[in-house]
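File shown: query_10.cif. Contents: mmCIF, C-alpha atoms.
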data_final
loop_
_atom_site.label_atom_id
_atom_site.label_comp_id
_atom_site.auth_asym_id
_atom_site.auth_seq_id
_atom_site.Cartn_x
_atom_site.Cartn_y
_atom_site.Cartn_z
CA MET T 1 22.20 -8.75 -55.67
CA LYS T 2 20.16 -10.25 -52.82
CA LYS T 3 23.15 -9.93 -50.49
CA VAL T 4 23.58 -6.26 -51.41
CA LEU T 5 19.90 -5.58 -50.79
CA SER T 6 19.88 -7.30 -47.40
CA LEU T 7 23.03 -5.40 -46.40
CA LEU T 8 21.40 -2.15 -47.45
CA SER T 9 18.23 -2.92 -45.48
CA LEU T 10 20.37 -3.70 -42.43
CA LEU T 11 22.13 -0.37 -42.77
CA VAL T 12 18.78 1.42 -42.96
CA LEU T 13 17.25 -0.48 -40.03
CA MET T 14 20.20 -0.30 -37.61
CA PRO T 15 20.14 3.45 -36.94
CA SER T 16 16.36 3.48 -36.60
CA GLY T 17 16.64 0.70 -34.01
CA SER T 18 19.13 2.65 -31.92
CA MET T 19 17.01 5.79 -32.31
CA LEU T 20 14.02 3.89 -30.94
CA LEU T 21 16.16 2.81 -28.00
CA ALA T 22 17.19 6.37 -27.27
CA ALA T 23 13.68 7.79 -27.66
CA GLY T 24 12.24 5.76 -24.77
CA SER T 25 13.80 5.58 -21.34
CA ALA T 26 15.51 2.37 -22.41
CA CYS T 27 18.95 3.69 -21.56
CA SER T 28 20.14 1.41 -18.84
CA SER T 29 23.14 0.08 -17.01
CA PRO T 30 23.67 -2.78 -14.55
CA LEU T 31 23.73 -0.19 -11.75
CA ILE T 32 20.41 1.31 -12.81
CA ASP T 33 18.85 -2.15 -13.09
CA GLN T 34 20.14 -3.11 -9.65
CA ALA T 35 18.90 0.16 -8.11
CA GLU T 36 15.47 -0.34 -9.68
CA ALA T 37 15.22 -3.94 -8.43
CA THR T 38 16.18 -2.85 -4.89
CA ARG T 39 13.71 0.06 -5.00
CA LYS T 40 10.97 -2.37 -5.98
CA GLU T 41 11.89 -4.68 -3.10
CA ALA T 42 11.72 -1.77 -0.62
CA ALA T 43 8.36 -0.71 -2.08
CA SER T 44 6.98 -4.23 -1.75
CA LEU T 45 7.91 -4.11 1.95
CA GLY T 46 6.19 -0.72 2.29
CA TYR T 47 9.37 1.19 3.08
CA GLU T 48 10.39 2.90 -0.16
CA TRP T 49 12.17 6.19 0.42
CA ARG T 50 10.91 9.43 -1.08
CA ASP T 51 13.71 10.21 -3.54
CA THR T 52 14.86 6.81 -4.79
CA ALA T 53 12.67 6.72 -7.90
CA LYS T 54 13.64 10.32 -8.75
CA LEU T 55 17.33 9.41 -8.52
CA ILE T 56 16.84 6.45 -10.84
CA LYS T 57 14.98 8.67 -13.31
CA SER T 58 17.81 11.22 -13.20
CA ALA T 59 20.37 8.43 -13.68
CA LYS T 60 18.51 7.33 -16.84
CA VAL T 61 18.44 10.89 -18.15
CA ALA T 62 22.21 11.25 -17.59
CA CYS T 63 22.73 7.89 -19.30
CA GLU T 64 20.69 9.03 -22.31
CA LYS T 65 22.81 12.17 -22.53
CA GLY T 66 25.89 9.97 -22.60
CA ASP T 67 27.12 11.12 -19.19
CA GLN T 68 27.89 7.68 -17.83
CA LYS T 69 29.88 8.98 -14.88
CA GLU T 70 26.95 11.10 -13.61
CA SER T 71 24.52 8.29 -14.35
CA ASP T 72 26.55 5.82 -12.28
CA LYS T 73 26.86 8.30 -9.44
CA LEU T 74 23.08 8.81 -9.28
CA ALA T 75 22.31 5.12 -9.70
CA SER T 76 24.75 4.24 -6.90
CA LEU T 77 23.01 6.69 -4.60
CA ALA T 78 19.63 5.21 -5.52
CA LEU T 79 20.97 1.71 -4.93
CA LEU T 80 22.29 2.72 -1.51
CA GLN T 81 18.91 4.23 -0.60
CA GLY T 82 17.11 1.10 -1.74
CA GLN T 83 19.43 -1.13 0.27
CA ARG T 84 19.04 1.01 3.41
CA ALA T 85 15.25 1.00 2.97
CA VAL T 86 15.17 -2.81 2.72
CA GLU T 87 17.38 -3.09 5.83
CA GLN T 88 15.10 -0.63 7.62
CA ALA T 89 12.01 -2.65 6.65
CA LYS T 90 13.50 -5.93 7.86
CA PHE T 91 14.72 -4.42 11.11
CA MET T 92 11.41 -2.69 11.84
CA ASP T 93 9.44 -5.83 11.02
CA LYS T 94 11.22 -7.61 13.86
CA ASN T 95 11.75 -4.76 16.29
CA TRP T 96 8.94 -2.21 15.90
CA GLU T 97 7.53 -2.97 19.33
CA MET T 98 10.81 -1.84 20.85
CA MET T 99 10.02 1.63 19.49
CA ILE T 100 6.94 2.05 21.70
CA PRO T 101 7.80 4.76 24.23
CA LYS T 102 7.45 3.60 27.79
CA ASN T 103 5.68 5.49 30.55
CA MET V 1 2.18 -45.88 26.41
CA MET V 2 -1.11 -46.30 24.55
CA LYS V 3 -2.83 -43.96 26.99
CA SER V 4 -0.31 -41.14 26.46
CA LYS V 5 -0.71 -41.52 22.67
CA ILE V 6 -4.48 -41.11 22.97
CA LEU V 7 -4.04 -38.17 25.32
CA ARG V 8 -1.66 -36.47 22.90
CA ARG V 9 -4.31 -36.72 20.21
CA LEU V 10 -7.16 -35.70 22.47
CA ILE V 11 -5.60 -32.58 23.99
CA PRO V 12 -5.28 -30.57 20.75
CA ALA V 13 -8.80 -31.65 19.79
CA ALA V 14 -10.11 -30.50 23.16
CA LEU V 15 -8.28 -27.21 22.77
CA MET V 16 -9.80 -26.75 19.33
CA VAL V 17 -13.28 -27.38 20.68
CA SER V 18 -12.75 -24.92 23.52
CA GLY V 19 -11.37 -22.46 20.97
CA VAL V 20 -14.56 -22.73 18.99
CA MET V 21 -16.60 -22.30 22.14
CA ILE V 22 -14.85 -19.09 23.14
CA SER V 23 -14.98 -17.63 19.68
CA GLY V 24 -17.68 -15.08 18.91
CA PRO V 25 -18.63 -12.53 21.58
CA ALA V 26 -16.13 -13.80 24.17
CA GLN V 27 -13.25 -13.69 21.69
CA ALA V 28 -14.37 -10.19 20.61
CA GLU V 29 -14.25 -9.14 24.24
CA ASN V 30 -10.65 -10.41 24.41
CA TYR V 31 -9.58 -8.29 21.41
CA GLN V 32 -11.36 -5.29 22.89
CA LYS V 33 -9.57 -5.88 26.22
CA LEU V 34 -6.18 -5.94 24.48
CA VAL V 35 -7.03 -2.73 22.67
CA ASP V 36 -8.42 -1.06 25.80
CA ALA V 37 -5.15 -1.81 27.61
CA ASP V 38 -3.27 -0.10 24.75
CA VAL V 39 -5.58 2.91 24.95
CA GLN V 40 -5.03 3.20 28.68
CA GLU V 41 -1.25 2.99 28.29
CA PHE V 42 -1.23 5.46 25.38
CA GLN V 43 -3.34 8.06 27.17
CA ALA V 44 -1.38 7.59 30.42
CA TYR V 45 1.80 8.44 28.50
CA PHE V 46 0.40 11.85 27.58
CA HIS V 47 -1.06 12.39 31.04
CA LYS V 48 2.37 11.80 32.53
CA GLU V 49 4.09 14.09 30.02
CA PHE V 50 1.48 16.85 30.34
CA PRO V 51 -0.13 16.43 33.76
CA ASP V 52 -1.83 19.85 33.57
CA VAL V 53 -3.66 19.13 30.33
CA LYS V 54 -7.10 17.57 30.68
CA LEU V 55 -7.80 14.51 28.54
CA ALA V 56 -10.62 16.28 26.65
CA ASP V 57 -8.31 19.17 25.71
CA PHE V 58 -6.04 16.93 23.65
CA ALA V 59 -8.73 17.15 20.98
CA ASP V 60 -7.40 20.68 20.36
CA GLY V 61 -4.04 19.29 19.31
CA VAL V 62 -1.00 21.45 19.85
CA TYR V 63 -3.19 24.28 21.18
CA ALA V 64 -3.79 22.24 24.31
CA LEU V 65 -0.09 22.48 25.16
CA ASN V 66 0.93 26.08 24.63
CA GLU V 67 -1.02 29.03 25.99
CA ASP V 68 0.26 31.63 23.52
CA ALA V 69 -0.51 29.42 20.55
CA ARG V 70 -3.90 28.60 22.07
CA ASN V 71 -4.84 32.27 22.42
CA GLN V 72 -3.86 33.01 18.81
CA TRP V 73 -5.84 30.00 17.64
CA LYS V 74 -8.91 31.01 19.62
CA GLU V 75 -8.83 34.41 17.95
CA MET V 76 -8.60 32.72 14.56
CA GLU V 77 -11.55 30.46 15.45
CA GLU V 78 -13.75 33.55 15.93
CA PHE V 79 -13.88 33.82 12.14
CA PRO V 80 -12.84 30.30 11.23
CA PRO V 81 -11.20 29.94 7.81
CA TYR V 82 -13.06 26.66 7.18
CA GLU V 83 -16.46 28.31 7.53
CA LEU V 84 -16.99 28.80 3.80
CA ASP V 85 -15.96 25.21 3.14
CA VAL V 86 -18.51 23.97 5.66
CA GLU V 87 -21.20 25.95 3.82
CA ALA V 88 -20.03 24.61 0.46
CA GLY V 89 -19.95 21.10 1.95
CA LYS V 90 -23.55 21.44 3.07
CA ALA V 91 -24.64 22.44 -0.42
CA LEU V 92 -22.70 19.55 -1.98
CA PHE V 93 -24.14 17.12 0.57
CA ASN V 94 -27.68 18.02 -0.46
CA LYS V 95 -27.04 18.54 -4.18
CA PRO V 96 -28.96 15.96 -6.21
CA PHE V 97 -27.01 13.46 -8.31
CA ALA V 98 -28.04 12.84 -11.90
CA ASN V 99 -30.30 10.02 -10.65
CA GLY V 100 -32.13 12.34 -8.26
CA LYS V 101 -30.56 10.95 -5.10
CA SER V 102 -27.87 12.76 -3.12
CA LEU V 103 -25.23 12.16 -0.47
CA ALA V 104 -28.03 12.77 2.01
CA SER V 105 -29.68 9.58 0.72
CA CYS V 106 -26.67 7.50 1.81
CA PHE V 107 -26.18 8.76 5.37
CA PRO V 108 -28.65 8.70 8.28
CA ASP V 109 -29.16 11.55 10.78
CA GLY V 110 -28.71 14.22 8.11
CA GLY V 111 -25.06 13.24 7.81
CA ALA V 112 -24.15 13.75 11.48
CA VAL V 113 -22.29 10.45 11.50
CA ARG V 114 -18.64 11.45 12.06
CA GLY V 115 -18.68 9.39 15.28
CA LYS V 116 -19.39 6.19 13.33
CA TYR V 117 -16.19 6.39 11.29
CA PRO V 118 -13.74 4.85 10.91
CA TYR V 119 -15.03 1.36 11.59
CA PHE V 120 -13.98 -2.15 10.61
CA ASP V 121 -16.44 -3.63 8.14
CA GLU V 122 -16.54 -7.34 8.98
CA LYS V 123 -18.10 -8.36 5.65
CA ARG V 124 -15.58 -6.47 3.56
CA GLY V 125 -12.72 -7.27 5.89
CA GLU V 126 -11.36 -3.73 5.87
CA VAL V 127 -11.44 -0.37 7.58
CA VAL V 128 -14.00 2.05 6.17
CA THR V 129 -13.37 5.77 6.61
CA LEU V 130 -15.83 8.64 6.29
CA GLU V 131 -14.18 9.94 3.10
CA MET V 132 -14.32 6.45 1.60
CA ALA V 133 -18.03 6.17 2.42
CA ILE V 134 -18.73 9.58 0.82
CA ASN V 135 -17.02 8.62 -2.43
CA GLU V 136 -18.58 5.14 -2.43
CA CYS V 137 -21.99 6.77 -2.19
CA ARG V 138 -21.17 8.92 -5.21
CA VAL V 139 -19.90 5.97 -7.28
CA GLU V 140 -22.86 3.76 -6.34
CA ASN V 141 -25.12 6.53 -7.68
CA GLY V 142 -23.30 6.84 -10.97
CA GLU V 143 -21.17 9.86 -10.07
CA LYS V 144 -17.40 10.18 -10.29
CA ALA V 145 -15.35 9.82 -7.11
CA TRP V 146 -13.83 13.08 -5.90
CA PRO V 147 -10.07 13.43 -5.37
CA TRP V 148 -9.22 12.19 -1.88
CA LYS V 149 -7.09 14.88 -0.33
CA LYS V 150 -8.81 18.24 -0.81
CA GLY V 151 -11.57 20.04 -2.67
CA ASP V 152 -15.18 18.88 -2.63
CA LEU V 153 -14.54 15.70 -0.64
CA ALA V 154 -12.77 17.66 2.11
CA LYS V 155 -15.60 20.22 2.11
CA VAL V 156 -18.33 17.58 2.55
CA SER V 157 -16.23 15.83 5.20
CA ALA V 158 -15.82 19.21 6.96
CA TYR V 159 -19.59 19.76 6.90
CA MET V 160 -20.30 16.27 8.27
CA ALA V 161 -17.68 16.75 10.98
CA TYR V 162 -19.16 20.13 11.87
CA ILE V 163 -22.68 18.82 12.40
CA SER V 164 -21.26 15.87 14.38
CA ARG V 165 -19.30 17.97 16.87
CA GLY V 166 -19.53 16.62 20.38
CA GLN V 167 -19.91 12.98 19.38
CA LYS V 168 -17.65 10.68 21.37
CA VAL V 169 -14.82 8.73 19.77
CA ASP V 170 -15.66 5.10 20.52
CA VAL V 171 -14.10 2.78 17.97
CA LYS V 172 -14.55 -0.93 18.66
CA VAL V 173 -12.27 -3.79 17.70
CA LYS V 174 -14.55 -6.81 17.71
CA SER V 175 -12.87 -9.56 15.71
CA LYS V 176 -9.54 -11.07 14.75
CA ALA V 177 -9.69 -9.37 11.36
CA ALA V 178 -10.38 -6.00 13.01
CA TYR V 179 -7.56 -6.63 15.47
CA ASP V 180 -5.20 -7.47 12.59
CA ALA V 181 -6.03 -4.16 10.90
CA TYR V 182 -5.55 -2.38 14.22
CA MET V 183 -2.16 -4.06 14.70
CA LYS V 184 -1.06 -3.08 11.19
CA GLY V 185 -1.96 0.52 12.00
CA LYS V 186 -0.13 0.26 15.31
CA LYS V 187 2.98 -1.07 13.62
CA PHE V 188 2.87 1.73 11.05
CA PHE V 189 2.59 4.28 13.86
CA TYR V 190 5.61 3.03 15.81
CA ALA V 191 7.95 1.79 13.05
CA LYS V 192 10.62 4.18 11.83
CA ARG V 193 10.76 4.80 8.11
CA GLY V 194 12.19 7.06 5.45
CA MET V 195 15.55 8.70 4.97
CA LEU V 196 15.38 10.35 8.41
CA ASN V 197 14.52 7.04 10.10
CA MET V 198 11.61 8.56 12.00
CA SER V 199 8.24 7.27 13.12
CA CYS V 200 4.85 8.87 13.81
CA SER V 201 5.42 8.17 17.51
CA GLY V 202 8.94 9.61 17.45
CA CYS V 203 7.55 13.06 16.67
CA HIS V 204 4.04 12.91 18.05
CA MET V 205 4.80 11.13 21.32
CA GLU V 206 8.46 11.55 22.24
CA TYR V 207 8.92 15.06 20.79
CA THR V 208 5.44 16.35 21.55
CA GLY V 209 5.48 19.89 22.90
CA ARG V 210 9.03 20.56 21.72
CA ASN V 211 9.99 22.81 18.88
CA LEU V 212 10.59 21.52 15.39
CA ARG V 213 12.01 24.62 13.75
CA ALA V 214 9.35 27.27 14.48
CA GLU V 215 6.55 24.77 15.14
CA ILE V 216 5.53 22.97 18.31
CA VAL V 217 5.02 19.27 17.70
CA SER V 218 1.42 18.18 18.27
CA PRO V 219 0.33 15.23 20.41
CA ALA V 220 -0.85 12.07 18.65
CA LEU V 221 -3.61 11.82 21.22
CA GLY V 222 -6.53 13.67 19.63
CA HIS V 223 -5.00 13.83 16.16
CA THR V 224 -7.98 12.32 14.39
CA THR V 225 -10.73 14.19 16.26
CA HIS V 226 -10.42 17.49 14.43
CA PHE V 227 -9.92 16.58 10.76
CA PRO V 228 -10.42 17.73 8.09
CA VAL V 229 -8.45 20.88 8.82
CA PHE V 230 -7.92 24.21 7.13
CA ARG V 231 -4.14 24.64 7.20
CA SER V 232 -2.71 28.09 6.63
CA LYS V 233 0.20 26.37 4.89
CA TRP V 234 -2.18 24.71 2.42
CA GLY V 235 -4.49 27.71 2.14
CA GLU V 236 -7.41 25.29 2.02
CA THR V 237 -9.13 22.46 3.80
CA GLY V 238 -7.52 19.04 3.52
CA THR V 239 -8.13 15.54 4.78
CA LEU V 240 -6.26 13.49 7.37
CA HIS V 241 -4.68 11.36 4.65
CA LYS V 242 -3.31 14.47 2.96
CA ARG V 243 -1.60 15.25 6.26
CA TYR V 244 -0.30 11.66 6.57
CA ALA V 245 1.25 11.93 3.10
CA GLY V 246 2.85 15.27 4.00
CA CYS V 247 4.34 13.81 7.19
CA ASN V 248 5.75 10.83 5.31
CA LYS V 249 7.31 13.12 2.72
CA ASN V 250 8.86 15.24 5.47
CA ILE V 251 10.72 12.26 6.88
CA GLY V 252 11.93 11.15 3.45
CA ALA V 253 9.52 8.24 2.99
CA LYS V 254 7.48 7.70 -0.16
CA PRO V 255 3.89 8.47 0.85
CA PHE V 256 1.13 5.92 0.34
CA PRO V 257 -1.93 6.93 -1.68
CA ALA V 258 -4.74 8.55 0.30
CA GLN V 259 -7.23 5.91 1.43
CA SER V 260 -4.68 3.15 0.89
CA GLU V 261 -4.98 0.21 3.27
CA GLU V 262 -1.91 1.48 5.12
CA TYR V 263 -3.36 4.91 5.87
CA ARG V 264 -6.82 3.56 6.67
CA ASN V 265 -5.33 1.15 9.21
CA LEU V 266 -3.25 3.99 10.65
CA GLU V 267 -6.37 6.14 10.97
CA PHE V 268 -8.15 3.21 12.63
CA PHE V 269 -5.36 2.76 15.19
CA GLN V 270 -5.01 6.47 15.86
CA THR V 271 -8.74 6.94 16.31
CA VAL V 272 -8.92 4.02 18.73
CA MET V 273 -6.17 5.70 20.75
CA SER V 274 -8.41 8.77 21.05
CA ASN V 275 -11.38 6.79 22.38
CA GLY V 276 -13.21 8.86 24.96
CA LEU V 277 -12.42 12.23 23.37
CA GLU V 278 -14.95 14.24 21.39
CA TYR V 279 -15.02 14.91 17.67
CA ASN V 280 -14.46 18.64 17.18
CA GLY V 281 -13.66 19.01 13.52
CA PRO V 282 -13.17 20.76 11.27
CA ALA V 283 -10.36 22.85 12.71
CA SER V 284 -7.84 25.45 11.69
CA ARG V 285 -4.16 24.79 11.91
CA LYS V 286 -0.98 26.62 10.95
#
Serialized structure, structure tokens:
Amino acid sequence: MKKVLSLLSLLVLMPSGSMLLAAGSACSSPLIDQAEATRKEAASLGYEWRDTAKLIKSAKVACEKGDQKESDKLASLALLQGQRAVEQAKFMDKNWEMMIPKN
Amino acid sequence: MMKSKILRRLIPAALMVSGVMISGPAQAENYQKLVDADVQEFQAYFHKEFPDVKLADFADGVYALNEDARNQWKEMEEFPPYELDVEAGKALFNKPFANGKSLASCFPDGGAVRGKYPYFDEKRGEVVTLEMAINECRVENGEKAWPWKKGDLAKVSAYMAYISRGQKVDVKVKSKAAYDAYMKGKKFFYAKRGMLNMSCSGCHMEYTGRNLRAEIVSPALGHTTHFPVFRSKWGETGTLHKRYAGCNKNIGAKPFPAQSEEYRNLEFFQTVMSNGLEYNGPASRK
């Protein structure tokens, strides 16, 4: 009887757990996680690009809708932007004085 | 052998002592000299690019470079669109807070202090801007801070700029901490950023006077003298940091918050570069 009850409670709890997951922006993928980590790195260097966070948000929305292909496409773009921003930050940190126009 | 060992220990100590001796006013003079050399080089760049434009006229921004644009602007200045904001700013400046004090209680000379900002506050270790000082006065007197980019803060700033017209830009860099803030602002100004990989200097030095779509790019020299500005595009008066954020967005970079350390340091650097010009804000711009 106990086993039946615990099985029943599991059945009741499982869908509510997944619903909770879907209700927040918890939908994620390795690509989204990687894009977010790279965006954060660019931001910490002061060089985050304008649209990166929006792309990640759109990738999460597509993921929640079950459109994994679109989600991956957007997350890849965000990741690329984040990587370029980090490269830009590192390059400028070393070479910004070369950008001073000469008389 | 022994002698050289002693010497090796003594030399750094002697250098440290001499370092201590030249710290203070002499060291401050050194930072100021470094900055003055930058100012000279910066202003010479614009003089070479625009030999017919007088130094003082750079305070008028893009209207110093193009006669047609200047004539249109002068006509607009006959009934300046910021006039009502200056009036509103005056009223807000004198309006009593709940505790009976007002903004007028915080600023000397009736608020004609535009020429004193921005400055590097040695005790706080940071750049203080006029807008920051206005909001700090409000908060210290139990009022809420105003939003940074437009509205009441921009109106009061416009009023204070208006009654300060003619004051000379003369920002000093007196210490290592001030010089560090200046250098951070300088780096921000020259480093390329954003999706378009562009810098402040790329547009406002190298492309100055050329067309960017239908607009002529303004010179960085004099940028900070005439803010806040009433921009036709905004349909209202806005602060310098609102403009910074707009520029950053245009080049595909995520803007920093108004009055962030980044923008305050940038304002500090840019204002130093305009040393010798006159404050002539508020102004109208397209």
Exercise for the section: To verify the selection step, state as a list of chain:residue names which residues the PyMOL selection byres ((chain T) within 7 of (chain V)) yields on this input. Expected result: T:Tyr47, T:Glu48, T:Trp49, T:Arg50, T:Gln88, T:Met92, T:Trp96, T:Met99, T:Ile100, T:Asn103
Practice task
Pick out the residues sitting within 10 Å of Lys184 (chain V), and hand them over as a count of residues only; count only C-alpha atoms, and ignore anything fewer than 2 positions along from it in its own chain.
Solution key: 17
Practice task
To one decimal in Å, tell me the separation between CA of Lys174 (chain V) and CA of Ala28 (chain V).
Solution key: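 Taking CA of Lys174 (chain V) and CA of Ala28 (chain V), their separation equals 4.5 Å.
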Handout entry: Hits from the PyMOL selection byres ((chain T and resi 73) around 12), listed as a VMD selection string
Key = chain T and resid 29 31 to 32 35 55 to 56 58 to 60 62 to 63 67 to 72 74 to 80
Practice task
Mind checking which residues fall within 7 Å of Lys90 (chain V), counting only C-alpha atoms, ignoring those fewer than 3 positions away in the same chain, and posting them as a ChimeraX atom specification?
Solution key: /V:86-87,93-94,156,159
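Minimum atom-to-atom distance to Arg165 (chain V), evaluated using all atoms listed in the file, belongs to V:Thr225 out of V:Gln72, V:Thr225, V:Gln259, V:Gln40.
Coordinates place CA of Met198 (chain V) at a distance of 13.4 Å from CA of Pro101 (chain T).
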Practice task
For CA of Ala214 (chain V) and CA of Ser232 (chain V), quote the distance in Å rounded to one decimal.
Solution key: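 It comes out at 14.4 Å.
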